[in-house]
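Student: This structure is in C-alpha cells; I'll ask about it shortly.
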Amino acid sequence: MQVLHLDLKPVGEHDVELRYFSDNPNDYKTRSLPLAEITNLIGVAERDYYVRLAVNYTITGRKLYNWLDGSDRFLQRLLNQSRREGIVLAINAAEQLAHLPWEVLHDGNSFLVEKLPPVIPLRWVSLNTGKLEIDAAPQNRALNVLFMATSPLGIEPVDFEAEEGRILKATARQPLSLTVEESGCLSELGYLVDDYDEGYFDVLHLTGHATFTDGQPRFKTETETGELYLASAEDIARELQFRLPKLIFLSGCRTGQAGKSGAIPSMAEALLNLGVTAVLGWGQKVLDEEATTAAAALYQALSAGKTLTQAVALTYQELIKNKARDWHLLRLYAAETLPGALVTPVRTRGRKPAP
C-alpha cells in the first residue's frame with residue numbers, strides 16, 4: 001500500500017500548515033488551513049463524536065474530509081493517483097488536531113476504510129526520520145501472540161476466554177501460537193517475556209479495562225495478589241524493554257483516546273514515545289462483543305500473512321459488515337516504522353508451523 005503523509009502544524013494564531021508527501025519528507029508541498037475551521041471541527045467532534053450515542057458519523061467524516069480536501073479537491077486528486085494500490089493515510093497531528101476522529105473520513109460516497117482497495121487513516125507520530133519506513137521482513141513461521149487478560153478484584157470481569165476462543169477459531173486454517181499469561185500482573189508478564197528470545201513474540205494482546213486517572217491514561221492490571229494496579233504506559237514498556245513486539249493491541253476502552261481534548265497523549269501514543277513500533281487501541285468505550293470481533297478478524301488476517309494495514313482494513317470491513325456500533329473507535333498508531341507482514345503465508349516453503 002502507498003503511504004501518503006499528512007503533517008499538520010499550527011502556524012501563528014490563525015492558520016495551520018499542512019505538509020504532504022509520499023516518499024521523501026524533504027520533497028513536500030504545503031497548504032494553509034484556517035485555524036478557525038479546525039476549532040469548529042473539534043467542537044463538532046466533542047458534540048457529535050465523543051458521546052455515547054453520537055449522530056450519524058457520515059456527517060462528521062464528511063466535514064473532516066471537506067476541510068482537508070479544500071475547494072480545489074487536492075486530497076481527492078492525491079488519492080486517485082494511488083487508488084489502485086490501496087493507501088495508508090499517515091496523519092501526524094498534535095494535541096487538539098489529534099483529537100479529531102480521522103477514522104470516519106468520508107468522501108461523500110463512502111467511508112475511506114470501506115473502499116476497495118481501502119484508504120486506511122493511521123495516527124502517525126513523527127519522531128526522527130520524518131516519514132514512515134515499511135518493515136518488509138516477515139518471519140517464515142506461524143504468528144506468535146502473547147495474550148494477557150487483566151481482571152482485578154472488585155472490577156467487572158472481562159470474558160477473556162470468549163475472546164481467546166474467537167481468536168483460535170478464526171485462525172484455525174492458518175494456526176497461530178498463542179501464549180497466555182494468566183496472572184494479569186505486569187511483573188509476571190515481564191518474567192514470561194524474558195523466557196523467550198528477542199523478537200519471539202510478534203504481538204502483545206492486552207485485554208481488560210482502561211481509564212483516565214488524574215487526567216492520565218491507565219490500564220487496570222493486577223498485583224501479585226489480584227488487586228487493582230493502575231498501570232501507566234511506562235509500566236508496560238518497562239516490563240517489555242529489550243523484548244518489544246512489533247505490535248501491541250491494547251484491547252481496552254479509551255486506550256487510543258487522548259485526554260483533555262487532545263492535550264494529553266493517549267496510552268497508545270505514549271507507548272510509541274517509549275519505543276514501541278505500532279499500537280492498536282480504542283478511542284472510547286467499546287462493546288465487548290465488538291472488541292472480540294475485531295481481535296478475531298485482525299489475527300485471522302495477520303496469521304495469513306497480510307500486512308498490518310491490510311489486516312486493520314479487513315478488521316474495519318468486518319465490523320462494518322456486522323453493523324458494529326463502535327467500528328470507528330479502533331485506532332492504529334505508528335511512529336518511525338510501520339510493520340508490514342509479520343509472518344509469511346501458511347504455504348510458504350520452509351515455513352515453521354505453530355506448535
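By convention in this document, the chains of the C-alpha cells carry letters A, B, ... by their order, each chain's residues are numbered from 1, and ligands are numbered from 1 in the order they are shown.
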Show me, as a ChimeraX atom specification, the residues that have an atom within 7 Å of A:Ala98 when counting only C-alpha atoms, minus same-chain residues fewer than 4 positions from it.
Tutor: /A:93-94,262
Student: Can I get the selection written as a PDB file, in the first residue's frame, with C-alpha atoms?
Tutor:
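Dumped everything to selection_18.pdb:
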```pdb
ATOM      1  CA  ALA A  93      -1.400  15.937  14.211  1.00  0.00           C
ATOM      2  CA  ALA A  94      -0.666  17.232  17.682  1.00  0.00           C
ATOM      3  CA  GLY A 262      -6.106  16.070  22.910  1.00  0.00           C
TER       4      GLY A 262
END
```
Student: Find the residues around A:Leu78 up to 12 Å (only C-alpha atoms counted), leave out those fewer than 6 positions away in its own chain, and share them as a PyMOL selection string.
Tutor: chain A and resi 2-6+20-22+29+68-69+72+84+86-89+119
Student: Okay, now the selection with C-alpha atoms, as a PDB file, in the first residue's frame?
Tutor:
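Saved to selection_34.pdb:
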```
ATOM      1  CA  GLN A   2       1.176   3.528  -0.787  1.00  0.00           C
ATOM      2  CA  VAL A   3       1.841   5.777   2.229  1.00  0.00           C
ATOM      3  CA  LEU A   4       0.639   9.387   1.953  1.00  0.00           C
ATOM      4  CA  HIS A   5       1.974  11.526   4.816  1.00  0.00           C
ATOM      5  CA  LEU A   6      -0.074  14.470   6.122  1.00  0.00           C
ATOM      6  CA  TYR A  20       2.118  16.414   2.469  1.00  0.00           C
ATOM      7  CA  PHE A  21       4.437  13.988   0.690  1.00  0.00           C
ATOM      8  CA  SER A  22       4.737  10.342  -0.267  1.00  0.00           C
ATOM      9  CA  LYS A  29       4.158  20.503  -0.650  1.00  0.00           C
ATOM     10  CA  LEU A  68      -8.693  18.598   4.244  1.00  0.00           C
ATOM     11  CA  ASP A  69      -9.766  18.447   0.605  1.00  0.00           C
ATOM     12  CA  ASP A  72      -9.719  22.510  -5.242  1.00  0.00           C
ATOM     13  CA  ARG A  84      -5.381   1.014  -7.286  1.00  0.00           C
ATOM     14  CA  GLY A  86      -4.560   0.966  -1.588  1.00  0.00           C
ATOM     15  CA  ILE A  87      -3.399   3.867   0.561  1.00  0.00           C
ATOM     16  CA  VAL A  88      -2.210   4.415   4.118  1.00  0.00           C
ATOM     17  CA  LEU A  89      -3.105   7.968   5.134  1.00  0.00           C
ATOM     18  CA  VAL A 119      -7.721   4.038   2.368  1.00  0.00           C
TER      19      VAL A 119
END
```
Student: Using only C-alpha atoms, which of A:Leu230, A:Ile120, A:Leu272, A:Leu75 sits nearest A:Pro152?
Tutor: A:Leu230
Student: Between A:Asp107, A:Asp23, A:Glu95, A:Glu290, which one has atoms that come closest to A:Trp67, using only C-alpha atoms?
Tutor: A:Asp107
Student: Between A:Glu224, A:Glu37, A:Glu269, A:Asp288, which one has atoms that come closest to A:Tyr333, using only C-alpha atoms?
Tutor: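 With only C-alpha atoms as the atom set, the closest residue is A:Glu269.
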